[in-house]
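Listing of work_26.cif, mmCIF, C-alpha atoms, pLDDT in the B column; chains and numbers go by the auth columns
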data_target
loop_
_atom_site.group_PDB
_atom_site.id
_atom_site.type_symbol
_atom_site.label_atom_id
_atom_site.label_comp_id
_atom_site.label_asym_id
_atom_site.label_seq_id
_atom_site.Cartn_x
_atom_site.Cartn_y
_atom_site.Cartn_z
_atom_site.B_iso_or_equiv
_atom_site.auth_seq_id
_atom_site.auth_asym_id
ATOM 1 C CA MET A 1 66.757 197.973 140.159 42.00 19 A
ATOM 2 C CA LYS A 2 65.554 195.263 142.473 68.00 20 A
ATOM 3 C CA ASN A 3 62.483 193.464 141.192 88.00 21 A
ATOM 4 C CA ILE A 4 61.168 192.171 144.525 92.00 22 A
ATOM 5 C CA HIS A 5 59.276 194.684 146.638 93.00 23 A
ATOM 6 C CA ILE A 6 57.863 193.945 150.074 94.00 24 A
ATOM 7 C CA LEU A 7 54.917 195.738 151.636 94.00 25 A
ATOM 8 C CA THR A 8 54.959 195.058 155.347 93.00 26 A
ATOM 9 C CA GLY A 9 53.011 196.119 158.407 90.00 27 A
ATOM 10 C CA GLU A 10 51.085 194.883 161.413 90.00 28 A
ATOM 11 C CA ILE A 11 48.206 192.409 161.127 87.00 29 A
ATOM 12 C CA LYS A 12 44.966 194.253 160.259 86.00 30 A
ATOM 13 C CA SER A 13 46.824 197.538 159.656 88.00 31 A
ATOM 14 C CA GLY A 14 45.222 198.210 156.253 89.00 32 A
ATOM 15 C CA LYS A 15 47.930 196.781 153.969 92.00 33 A
ATOM 16 C CA THR A 16 45.453 195.102 151.619 93.00 34 A
ATOM 17 C CA THR A 17 43.064 198.054 151.565 92.00 35 A
ATOM 18 C CA ARG A 18 45.845 200.488 150.653 92.00 36 A
ATOM 19 C CA LEU A 19 47.208 198.024 148.111 94.00 37 A
ATOM 20 C CA MET A 20 43.789 197.638 146.452 93.00 38 A
ATOM 21 C CA LEU A 21 43.510 201.408 146.060 93.00 39 A
ATOM 22 C CA TRP A 22 47.034 201.693 144.671 93.00 40 A
ATOM 23 C CA ALA A 23 46.563 198.725 142.281 93.00 41 A
ATOM 24 C CA SER A 24 43.344 200.195 140.878 92.00 42 A
ATOM 25 C CA SER A 25 45.331 203.169 139.546 91.00 43 A
ATOM 26 C CA GLN A 26 48.079 201.070 137.918 92.00 44 A
ATOM 27 C CA LYS A 27 48.379 199.709 134.394 92.00 45 A
ATOM 28 C CA ASP A 28 49.966 196.388 133.473 94.00 46 A
ATOM 29 C CA ILE A 29 49.303 194.873 136.889 96.00 47 A
ATOM 30 C CA ASP A 30 47.856 191.521 137.954 97.00 48 A
ATOM 31 C CA GLY A 31 48.009 189.092 140.824 97.00 49 A
ATOM 32 C CA ILE A 32 46.027 188.331 143.944 98.00 50 A
ATOM 33 C CA LEU A 33 44.800 190.215 146.968 97.00 51 A
ATOM 34 C CA GLN A 34 43.384 188.744 150.188 96.00 52 A
ATOM 35 C CA PRO A 35 40.685 191.084 151.456 96.00 53 A
ATOM 36 C CA VAL A 36 38.642 190.315 154.551 94.00 54 A
ATOM 37 C CA ILE A 37 34.936 190.701 153.842 94.00 55 A
ATOM 38 C CA GLU A 38 32.388 190.336 156.636 93.00 56 A
ATOM 39 C CA GLY A 39 35.021 188.675 158.799 91.00 57 A
ATOM 40 C CA LYS A 40 36.106 186.061 156.226 92.00 58 A
ATOM 41 C CA ARG A 41 39.257 186.056 154.101 94.00 59 A
ATOM 42 C CA PHE A 42 38.840 185.926 150.312 97.00 60 A
ATOM 43 C CA ILE A 43 41.188 185.755 147.329 97.00 61 A
ATOM 44 C CA TYR A 44 40.651 188.412 144.674 97.00 62 A
ATOM 45 C CA HIS A 45 42.237 188.009 141.246 98.00 63 A
ATOM 46 C CA ILE A 46 43.014 191.498 139.976 97.00 64 A
ATOM 47 C CA GLY A 47 42.960 190.640 136.253 95.00 65 A
ATOM 48 C CA SER A 48 39.640 188.817 136.071 96.00 66 A
ATOM 49 C CA ARG A 49 38.082 190.549 139.096 95.00 67 A
ATOM 50 C CA THR A 50 37.203 187.109 140.432 97.00 68 A
ATOM 51 C CA LEU A 51 36.533 186.797 144.153 97.00 69 A
ATOM 52 C CA LYS A 52 36.701 183.395 145.876 97.00 70 A
ATOM 53 C CA GLN A 53 36.137 182.639 149.534 95.00 71 A
ATOM 54 C CA LEU A 54 39.353 181.316 151.059 95.00 72 A
ATOM 55 C CA GLU A 55 38.364 181.017 154.708 91.00 73 A
ATOM 56 C CA ILE A 56 35.934 178.130 155.159 89.00 74 A
ATOM 57 C CA ALA A 57 34.213 175.945 157.718 81.00 75 A
ATOM 58 C CA ASP A 58 35.234 172.307 158.011 72.00 76 A
ATOM 59 C CA LYS A 59 35.668 170.670 154.624 71.00 77 A
ATOM 60 C CA PRO A 60 37.705 167.638 153.546 69.00 78 A
ATOM 61 C CA ASN A 61 40.473 169.685 151.884 73.00 79 A
ATOM 62 C CA ALA A 62 40.731 172.370 154.580 83.00 80 A
ATOM 63 C CA ILE A 63 44.184 173.667 155.475 87.00 81 A
ATOM 64 C CA GLN A 64 44.330 174.742 159.102 81.00 82 A
ATOM 65 C CA ILE A 65 46.614 177.199 160.840 81.00 83 A
ATOM 66 C CA GLY A 66 45.688 178.307 164.326 79.00 84 A
ATOM 67 C CA ASN A 67 41.925 178.843 164.496 82.00 85 A
ATOM 68 C CA TYR A 68 41.645 179.458 160.751 84.00 86 A
ATOM 69 C CA LYS A 69 40.643 176.950 158.066 89.00 87 A
ATOM 70 C CA PHE A 70 41.295 177.650 154.420 93.00 88 A
ATOM 71 C CA SER A 71 40.209 176.012 151.170 93.00 89 A
ATOM 72 C CA GLY A 72 42.935 173.934 149.552 92.00 90 A
ATOM 73 C CA THR A 73 41.029 174.223 146.261 93.00 91 A
ATOM 74 C CA VAL A 74 41.102 178.029 146.371 95.00 92 A
ATOM 75 C CA PHE A 75 44.808 177.987 147.248 96.00 93 A
ATOM 76 C CA SER A 76 45.464 175.720 144.232 96.00 94 A
ATOM 77 C CA TRP A 77 43.493 178.089 141.999 97.00 95 A
ATOM 78 C CA SER A 78 45.488 181.018 143.435 98.00 96 A
ATOM 79 C CA GLN A 79 48.798 179.293 142.704 97.00 97 A
ATOM 80 C CA ASN A 80 47.750 178.818 139.078 98.00 98 A
ATOM 81 C CA VAL A 81 46.678 182.471 138.871 98.00 99 A
ATOM 82 C CA ILE A 82 49.966 183.887 140.153 97.00 100 A
ATOM 83 C CA LEU A 83 52.082 181.542 137.997 96.00 101 A
ATOM 84 C CA SER A 84 50.028 182.543 134.955 96.00 102 A
ATOM 85 C CA CYS A 85 50.429 186.221 135.853 95.00 103 A
ATOM 86 C CA PHE A 86 54.183 185.737 136.242 93.00 104 A
ATOM 87 C CA GLN A 87 54.394 184.418 132.663 92.00 105 A
ATOM 88 C CA LYS A 88 52.756 187.605 131.325 91.00 106 A
ATOM 89 C CA HIS A 89 55.823 189.778 132.096 86.00 107 A
ATOM 90 C CA LEU A 90 53.773 192.507 133.754 92.00 108 A
ATOM 91 C CA ASP A 91 55.025 195.737 135.269 93.00 109 A
ATOM 92 C CA TRP A 92 53.625 194.541 138.624 95.00 110 A
ATOM 93 C CA LEU A 93 52.737 191.091 139.956 96.00 111 A
ATOM 94 C CA VAL A 94 51.000 191.411 143.335 97.00 112 A
ATOM 95 C CA ILE A 95 51.063 188.558 145.852 97.00 113 A
ATOM 96 C CA ASP A 96 49.009 189.316 148.948 96.00 114 A
ATOM 97 C CA GLU A 97 49.841 187.729 151.371 94.00 115 A
ATOM 98 C CA ILE A 98 52.804 185.458 152.008 96.00 116 A
ATOM 99 C CA GLY A 99 52.471 184.231 155.576 94.00 117 A
ATOM 100 C CA PRO A 100 53.143 181.380 157.982 94.00 118 A
ATOM 101 C CA LEU A 101 51.439 178.794 155.734 94.00 119 A
ATOM 102 C CA GLU A 102 53.834 179.532 152.886 96.00 120 A
ATOM 103 C CA LEU A 103 56.817 179.294 155.235 96.00 121 A
ATOM 104 C CA GLU A 104 55.548 175.779 156.051 95.00 122 A
ATOM 105 C CA GLY A 105 55.353 174.898 152.324 95.00 123 A
ATOM 106 C CA LYS A 106 51.550 175.228 152.189 95.00 124 A
ATOM 107 C CA GLY A 107 49.067 177.816 150.973 95.00 125 A
ATOM 108 C CA LEU A 108 50.546 179.548 147.913 97.00 126 A
ATOM 109 C CA GLU A 109 53.501 177.168 147.807 97.00 127 A
ATOM 110 C CA PRO A 110 55.188 175.888 145.665 97.00 128 A
ATOM 111 C CA ALA A 111 54.207 178.758 143.319 97.00 129 A
ATOM 112 C CA ILE A 112 55.990 181.406 145.423 97.00 130 A
ATOM 113 C CA SER A 113 59.277 179.474 145.389 96.00 131 A
ATOM 114 C CA GLU A 114 59.009 178.987 141.631 95.00 132 A
ATOM 115 C CA ILE A 115 58.575 182.730 141.069 94.00 133 A
ATOM 116 C CA PHE A 116 61.532 183.599 143.300 92.00 134 A
ATOM 117 C CA LYS A 117 63.708 181.064 141.433 91.00 135 A
ATOM 118 C CA GLN A 118 62.929 182.794 138.136 87.00 136 A
ATOM 119 C CA VAL A 119 62.830 186.418 139.301 76.00 137 A
ATOM 120 C CA ASN A 120 66.138 187.225 137.557 78.00 138 A
ATOM 121 C CA ASN A 121 64.299 186.669 134.258 78.00 139 A
ATOM 122 C CA LEU A 122 61.646 189.208 135.216 77.00 140 A
ATOM 123 C CA ASN A 123 61.508 192.614 133.557 82.00 141 A
ATOM 124 C CA GLY A 124 58.770 193.865 135.867 90.00 142 A
ATOM 125 C CA ASN A 125 58.278 193.781 139.611 93.00 143 A
ATOM 126 C CA VAL A 126 56.897 191.353 142.170 94.00 144 A
ATOM 127 C CA LEU A 127 55.158 193.032 145.106 95.00 145 A
ATOM 128 C CA CYS A 128 54.763 190.740 148.120 96.00 146 A
ATOM 129 C CA VAL A 129 52.734 191.506 151.224 96.00 147 A
ATOM 130 C CA VAL A 130 54.354 190.116 154.378 96.00 148 A
ATOM 131 C CA ARG A 131 53.364 190.955 157.938 93.00 149 A
ATOM 132 C CA ASN A 132 56.223 192.521 159.840 93.00 150 A
ATOM 133 C CA SER A 133 56.215 189.849 162.566 95.00 151 A
ATOM 134 C CA ILE A 134 57.545 187.268 160.065 96.00 152 A
ATOM 135 C CA LEU A 135 59.520 189.553 157.728 96.00 153 A
ATOM 136 C CA GLU A 136 62.972 188.359 158.830 96.00 154 A
ATOM 137 C CA GLU A 137 61.898 184.709 158.655 97.00 155 A
ATOM 138 C CA PHE A 138 60.403 185.311 155.176 97.00 156 A
ATOM 139 C CA ILE A 139 63.650 186.897 153.913 95.00 157 A
ATOM 140 C CA LYS A 140 65.760 184.009 155.259 95.00 158 A
ATOM 141 C CA HIS A 141 63.331 181.306 154.101 96.00 159 A
ATOM 142 C CA TYR A 142 63.359 182.547 150.500 95.00 160 A
ATOM 143 C CA ASN A 143 67.035 183.627 150.582 92.00 161 A
ATOM 144 C CA LEU A 144 66.157 187.201 149.633 91.00 162 A
ATOM 145 C CA GLN A 145 68.896 189.015 151.555 86.00 163 A
ATOM 146 C CA PHE A 146 69.984 192.029 149.454 82.00 164 A
ATOM 147 C CA LYS A 147 67.493 191.044 146.729 83.00 165 A
ATOM 148 C CA PHE A 148 64.511 193.184 147.704 89.00 166 A
ATOM 149 C CA GLN A 149 63.405 196.636 148.646 89.00 167 A
ATOM 150 C CA LEU A 150 60.661 197.722 150.974 90.00 168 A
ATOM 151 C CA PHE A 151 57.650 199.107 149.144 88.00 169 A
ATOM 152 C CA ASP A 152 56.165 202.453 150.010 78.00 170 A
ATOM 153 C CA PHE A 153 53.174 203.817 148.138 71.00 171 A
ATOM 154 C CA PRO A 154 54.206 206.622 145.791 66.00 172 A
ATOM 155 C CA LEU A 155 52.881 210.036 146.708 46.00 173 A
ATOM 156 C CA LYS A 156 50.072 211.209 144.467 45.00 174 A
ATOM 157 C CA LYS A 157 50.842 214.320 142.505 37.00 175 A
ATOM 158 C CA SER A 158 48.339 217.131 143.033 32.00 176 A
#
Any chance you could put this one into structure tokens?
Amino acid sequence: MKNIHILTGEIKSGKTTRLMLWASSQKDIDGILQPVIEGKRFIYHIGSRTLKQLEIADKPNAIQIGNYKFSGTVFSWSQNVILSCFQKHLDWLVIDEIGPLELEGKGLEPAISEIFKQVNNLNGNVLCVVRNSILEEFIKHYNLQFKFQLFDFPLKKS
């Protein structure tokens, strides 16, 4: 079984919302989600239920992409969270979202690369959220050809 799963879709298509609902019904799961609350992006740590504002106004450590500015401090915290989660050997490690910043070596990098280097040692699964407009670039960038499967939410039994 392939351990890397990719949830993909259009920007603002409800990927994170659906993932939050699915994750809440799982056991042995941890990682991060990036919900948008009142128009601002946040990082939510599943295990501790900690919510930190990622999208910020001008600050000295801001990381900018397009019109968006993000907290470098919150990204650093997020990297530590996902690396710590990876060491727990969970059934599911969720990483929402890997985007253009990570492809530039910023944001959640270098933590993402470290996880993909060690994924063969993983008994559980890594679930990555990637918008479909960069999916091919993501697969090439991380050399994941033939090493992943697309994730589809399991149907609920009635």
Taking 3 positions as the minimum chain separation for residues in the same chain, which residues sit within 10 Å of region 116-124 of chain A when counting all atoms listed in the file? Answer as a ChimeraX atom specification.
/A:81-83,90,93,113,127-131,146-149,151-153,155-156,159-160
Please dump the current selection as a CSV table (one decimal), in the coordinates of the input; keep C-alpha atoms.
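Result went into result00.csv, see below:
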chain,number,residue,atom,x,y,z
A,81,ILE,CA,44.2,173.7,155.5
A,82,GLN,CA,44.3,174.7,159.1
A,83,ILE,CA,46.6,177.2,160.8
A,90,GLY,CA,42.9,173.9,149.6
A,93,PHE,CA,44.8,178.0,147.2
A,113,ILE,CA,51.1,188.6,145.9
A,127,GLU,CA,53.5,177.2,147.8
A,128,PRO,CA,55.2,175.9,145.7
A,129,ALA,CA,54.2,178.8,143.3
A,130,ILE,CA,56.0,181.4,145.4
A,131,SER,CA,59.3,179.5,145.4
A,146,CYS,CA,54.8,190.7,148.1
A,147,VAL,CA,52.7,191.5,151.2
A,148,VAL,CA,54.4,190.1,154.4
A,149,ARG,CA,53.4,191.0,157.9
A,151,SER,CA,56.2,189.8,162.6
A,152,ILE,CA,57.5,187.3,160.1
A,153,LEU,CA,59.5,189.6,157.7
A,155,GLU,CA,61.9,184.7,158.7
A,156,PHE,CA,60.4,185.3,155.2
A,159,HIS,CA,63.3,181.3,154.1
A,160,TYR,CA,63.4,182.5,150.5
Expected axis-aligned box over every listed atom of region 82-97 of chain A, 4 Å added per side, centre plus edges in Å to one decimal, as lines of an AutoDock Vina configuration file:
center_x = 44.5
center_y = 177.5
center_z = 153.2
size_x = 16.6
size_y = 15.1
size_z = 30.5
Using only C-alpha atoms, which protein or nucleic acid residues come within 12 Å of Ser42 (chain A)? Drop anything in the same chain fewer than 6 positions from it, and give the result as a PyMOL selection string.
chain A and resi 35-36+48+51+64-65+67+110+112
For Asp170 (chain A), please output as number ranges by chain all residues within 12 Å (counting only C-alpha atoms; exclusion window: fewer than 4 positions along the same chain).
A: 23-27, 33, 36-37, 40, 145-147
Which distance in Å separates CA of Asn21 (chain A) and CA of Ile47 (chain A), to one decimal?
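CA of Ile47 (chain A) lies at a distance of 13.9 Å from CA of Asn21 (chain A).
Closest to Glu115 (chain A) among A:Arg59, A:Lys77, A:Lys87, A:Lys45 is A:Arg59, based on all atoms listed in the file.
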Please determine, counting all atoms listed in the file, which residue among A:Leu168, A:Val92, A:Ile55, A:Leu69 has the shortest atom-to-atom distance to Gly125 (chain A).
A:Val92
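Each of A:Leu140, A:Leu126, A:Leu108, A:Leu101 was checked against Ile61 (chain A) using only C-alpha atoms; the smallest atom-to-atom distance is that of A:Leu126.
In this model, the gap between CA of Lys135 (chain A) and CA of Thr34 (chain A) comes to 25.2 Å.
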Taking only C-alpha atoms into account, name the residue in A:Glu73, A:Gly57, A:His63, A:Asn161 that is nearest to Met38 (chain A).
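Under the stated criterion, the closest residue is A:His63.
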Test item: which residues lie within 7 Å of (57.6, 190.0, 135.3) counting only C-alpha atoms, as a count of residues only
12
Work out how far CA of Ile74 (chain A) is from CA of Val99 (chain A), in Å to one decimal.
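CA of Ile74 (chain A) lies 20.0 Å from CA of Val99 (chain A).
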Could you name the residues that touch Phe60 (chain A) at 8 Å or less, counting all atoms listed in the file, but leaving out those on the same chain fewer than 6 positions away, as a VMD selection string?
chain A and resid 52 to 54 69 to 73
